[in-house]
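Contents: one structure, followed by commentary.
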Amino acid sequence: MTIEPGHPVALYTTMYLIRRFEEQAITLYQQGLVGGSLHPYIGQEAVAAGVCAALRDDDLMTMTYRGRGQFLAKGGDPRGMLAELLGRADGVCRGKGGPMHLCDLSRGIIGANGIVAGGLPIAVGAGLAAQIVKSDRVAVAFFGDGATNQGAFHEALNLAAVWKLPIILSVKTMSTPK
């Protein structure tokens with residue numbers, strides 16, 4: 001039996017994979033095995049699972065420094081990403097990207113960015129490229145609410161609207177439970 005990407009079982013499976021990966025990443029970070037900093041994606045799994053379920057492999061996506069969940073939701077290789085976190089040469093970026101700078105062009109993942117709002121202009125460029133070549137691809141930019149006070153956010157939204165680009169903007173707010 002094949003389960004379609006948007007089916008509840010598929011969405012739950014994706015969210016579970018993201019959660020378990022993030023829990024393991026936190027453990028490895030606490031053990032000092034992951035270099036740099038680690039910003040967990042726990043609590044945001046449904047955002048990536050839902051958005052990425054609607055994407056095709058050739059649709060393009062930018063992520064934030066919390067992009068591991070989005071990477072997995074778009075079909076990125078968990079083993080390759082784990083190797084990347086550990087700085088190994090068999091990582092998805094040959095061990096040079098670490099936990100914050102993931103990329104897999106074969107899956108349409110054009111990069112995670114450690115700069116707040118940094119992925120938005122890149123996604124706009126990808127959307128413009130899709131429009132110019134008259135493809136039916138879309139570009140997706142994941143970003144947090146902190147990006148909304150950056151100039152790049154406003155510039156990207158303005159260009160996307162004026163040029164009517166095929167772009168999806170996915171914001172995740174970091175609300176504190178009461």
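Going by the structure tokens order, chains are called A, B, ..., each with residues numbered from 1, while ligands are numbered from 1 in the order shown.
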
task = Among the residues of chain A, find those DSSP assigns to strand (DSSP E) from the backbone and print them as a PyMOL selection string.
result = chain A and resi 60-63+109-112+139-144+167-172

Next, dump the selected residues to file, keeping only N, CA and C atoms, as a compact mmCIF listing (two decimals), in the first residue's frame.
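As written to disk, selection_27.txt reads:
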# COMPACT_ATOMS: atom_id res chain seq x y z
N LEU A 60 11.76 24.37 -5.20
CA LEU A 60 12.95 24.84 -4.51
C LEU A 60 12.61 25.38 -3.12
N MET A 61 13.55 25.24 -2.20
CA MET A 61 13.26 25.59 -0.81
C MET A 61 14.49 26.16 -0.13
N THR A 62 14.30 27.26 0.60
CA THR A 62 15.33 27.78 1.49
C THR A 62 14.85 27.60 2.92
N MET A 63 15.82 27.50 3.83
CA MET A 63 15.50 27.23 5.23
C MET A 63 16.29 28.17 6.13
N ILE A 109 16.56 21.49 -2.28
CA ILE A 109 16.88 22.20 -1.05
C ILE A 109 18.09 23.08 -1.34
N ILE A 110 17.84 24.36 -1.61
CA ILE A 110 18.92 25.24 -2.07
C ILE A 110 19.67 25.91 -0.93
N GLY A 111 19.36 25.54 0.29
CA GLY A 111 20.20 25.96 1.39
C GLY A 111 19.51 26.49 2.61
N ALA A 112 20.18 26.26 3.73
CA ALA A 112 19.79 26.85 5.00
C ALA A 112 20.71 28.05 5.22
N ALA A 139 8.93 28.22 -5.37
CA ALA A 139 9.99 28.36 -4.37
C ALA A 139 9.33 28.59 -3.02
N VAL A 140 9.93 28.02 -1.99
CA VAL A 140 9.43 28.16 -0.62
C VAL A 140 10.52 28.74 0.24
N ALA A 141 10.17 29.68 1.07
CA ALA A 141 11.11 30.23 2.05
C ALA A 141 10.52 30.01 3.44
N PHE A 142 11.25 29.25 4.25
CA PHE A 142 10.89 29.11 5.67
C PHE A 142 11.64 30.19 6.43
N PHE A 143 10.96 30.82 7.37
CA PHE A 143 11.61 31.84 8.19
C PHE A 143 10.85 31.99 9.49
N GLY A 144 11.50 32.57 10.48
CA GLY A 144 10.87 32.80 11.77
C GLY A 144 10.34 34.21 11.88
N ILE A 167 6.00 31.88 -5.30
CA ILE A 167 6.74 31.70 -4.05
C ILE A 167 5.76 31.52 -2.90
N ILE A 168 6.14 30.65 -1.98
CA ILE A 168 5.37 30.41 -0.77
C ILE A 168 6.24 30.85 0.40
N LEU A 169 5.70 31.66 1.26
CA LEU A 169 6.43 32.15 2.43
C LEU A 169 5.84 31.50 3.67
N SER A 170 6.65 30.77 4.39
CA SER A 170 6.18 30.01 5.55
C SER A 170 6.86 30.53 6.82
N VAL A 171 6.10 31.25 7.64
CA VAL A 171 6.64 31.81 8.87
C VAL A 171 6.22 30.93 10.05
N LYS A 172 7.12 30.78 10.99
CA LYS A 172 6.84 30.06 12.22
C LYS A 172 7.10 31.02 13.37

What are the closest atom pairs, with distances in Å to one decimal, for all residues of region 34-65 of chain A lying within 10 Å of region 82-89 of chain A? Consider only C-alpha atoms, order rows by chain and residue number, and present the result as a Markdown table.
| residue | atom | partner | partner_atom | distance |
| --- | --- | --- | --- | --- |
| A:Val34 | CA | A:Leu86 | CA | 5.3 |
| A:Gly35 | CA | A:Leu86 | CA | 7.4 |
| A:Gly36 | CA | A:Leu85 | CA | 9.4 |
| A:Leu38 | CA | A:Leu85 | CA | 9.5 |

Can you spit out the residues from that selection as a CSV table (one decimal), in the first residue's frame, using N, CA and C atoms?
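Result went into out-v2.csv, see below:
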chain,number,residue,atom,x,y,z
A,34,VAL,N,28.7,17.7,18.2
A,34,VAL,CA,28.2,18.6,17.2
A,34,VAL,C,28.9,20.0,17.4
A,35,GLY,N,29.6,20.4,16.4
A,35,GLY,CA,30.2,21.8,16.5
A,35,GLY,C,29.3,22.9,16.3
A,36,GLY,N,29.7,24.1,16.6
A,36,GLY,CA,28.9,25.3,16.4
A,36,GLY,C,27.7,25.3,17.4
A,38,LEU,N,23.3,24.8,18.1
A,38,LEU,CA,22.2,23.9,17.6
A,38,LEU,C,20.9,24.6,18.1

task = Find, counting only C-alpha atoms, the residue in A:Arg19, A:Arg68, A:His154, A:Arg107 that gets nearest to Leu55 (chain A).
result = A:Arg107

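Nearest to Tyr65 (chain A) of all the residues A:Ala10, A:Gly119, A:Glu155, A:Leu128 is A:Gly119, counting only C-alpha atoms.
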
request  = May I have all residues of region 49-165 of chain A that DSSP, computed from the backbone, assigns to helix (DSSP H, G or I), given as number ranges by chain?
outcome  = A: 49-53, 68-73, 78-85, 105-107, 119-132, 145-149, 151-162

Within 12 Å of Glu4 (chain A) using only C-alpha atoms, minus same-chain residues under 6 positions, as a ChimeraX atom specification = /A:10-11,13,53-54

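Taking CA of Gly146 (chain A) as the reference point, CA of Arg66 (chain A) is found at 12.9 Å.
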
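A straight line drawn from CA of Gln31 (chain A) to CA of Ala46 (chain A) is 27.6 Å long.
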
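Interatomic distance, CA of Arg94 (chain A) against CA of Glu23 (chain A): 22.7 Å.
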
inquiry  = Please determine, counting only C-alpha atoms, which residue among A:Val92, A:Ile122, A:Met15, A:Cys103 has the shortest atom-to-atom distance to Ala160 (chain A).
reply    = A:Ile122

ask   = Using only C-alpha atoms, which residue out of A:Ala156, A:Met100, A:Ile26, A:Leu17 lies closest to Ala49 (chain A)?
value =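 Residue with the minimum atom-to-atom distance to Ala49 (chain A): A:Leu17.
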
key: Which of A:Pro166, A:Gly95, A:Tyr16, A:Leu28 sits closest to Leu72 (chain A) [using only C-alpha atoms]   =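 When distances to Leu72 (chain A) are compared using only C-alpha atoms, the smallest one comes from A:Tyr16.
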
ask   = Given the choices A:Leu159, A:Ala126, A:Gly67, A:Thr27, which gets closest to Gly114 (chain A) if the distance is worked out from only C-alpha atoms?
value =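 Checking each candidate against Gly114 (chain A), we get A:Gly67 as the closest.
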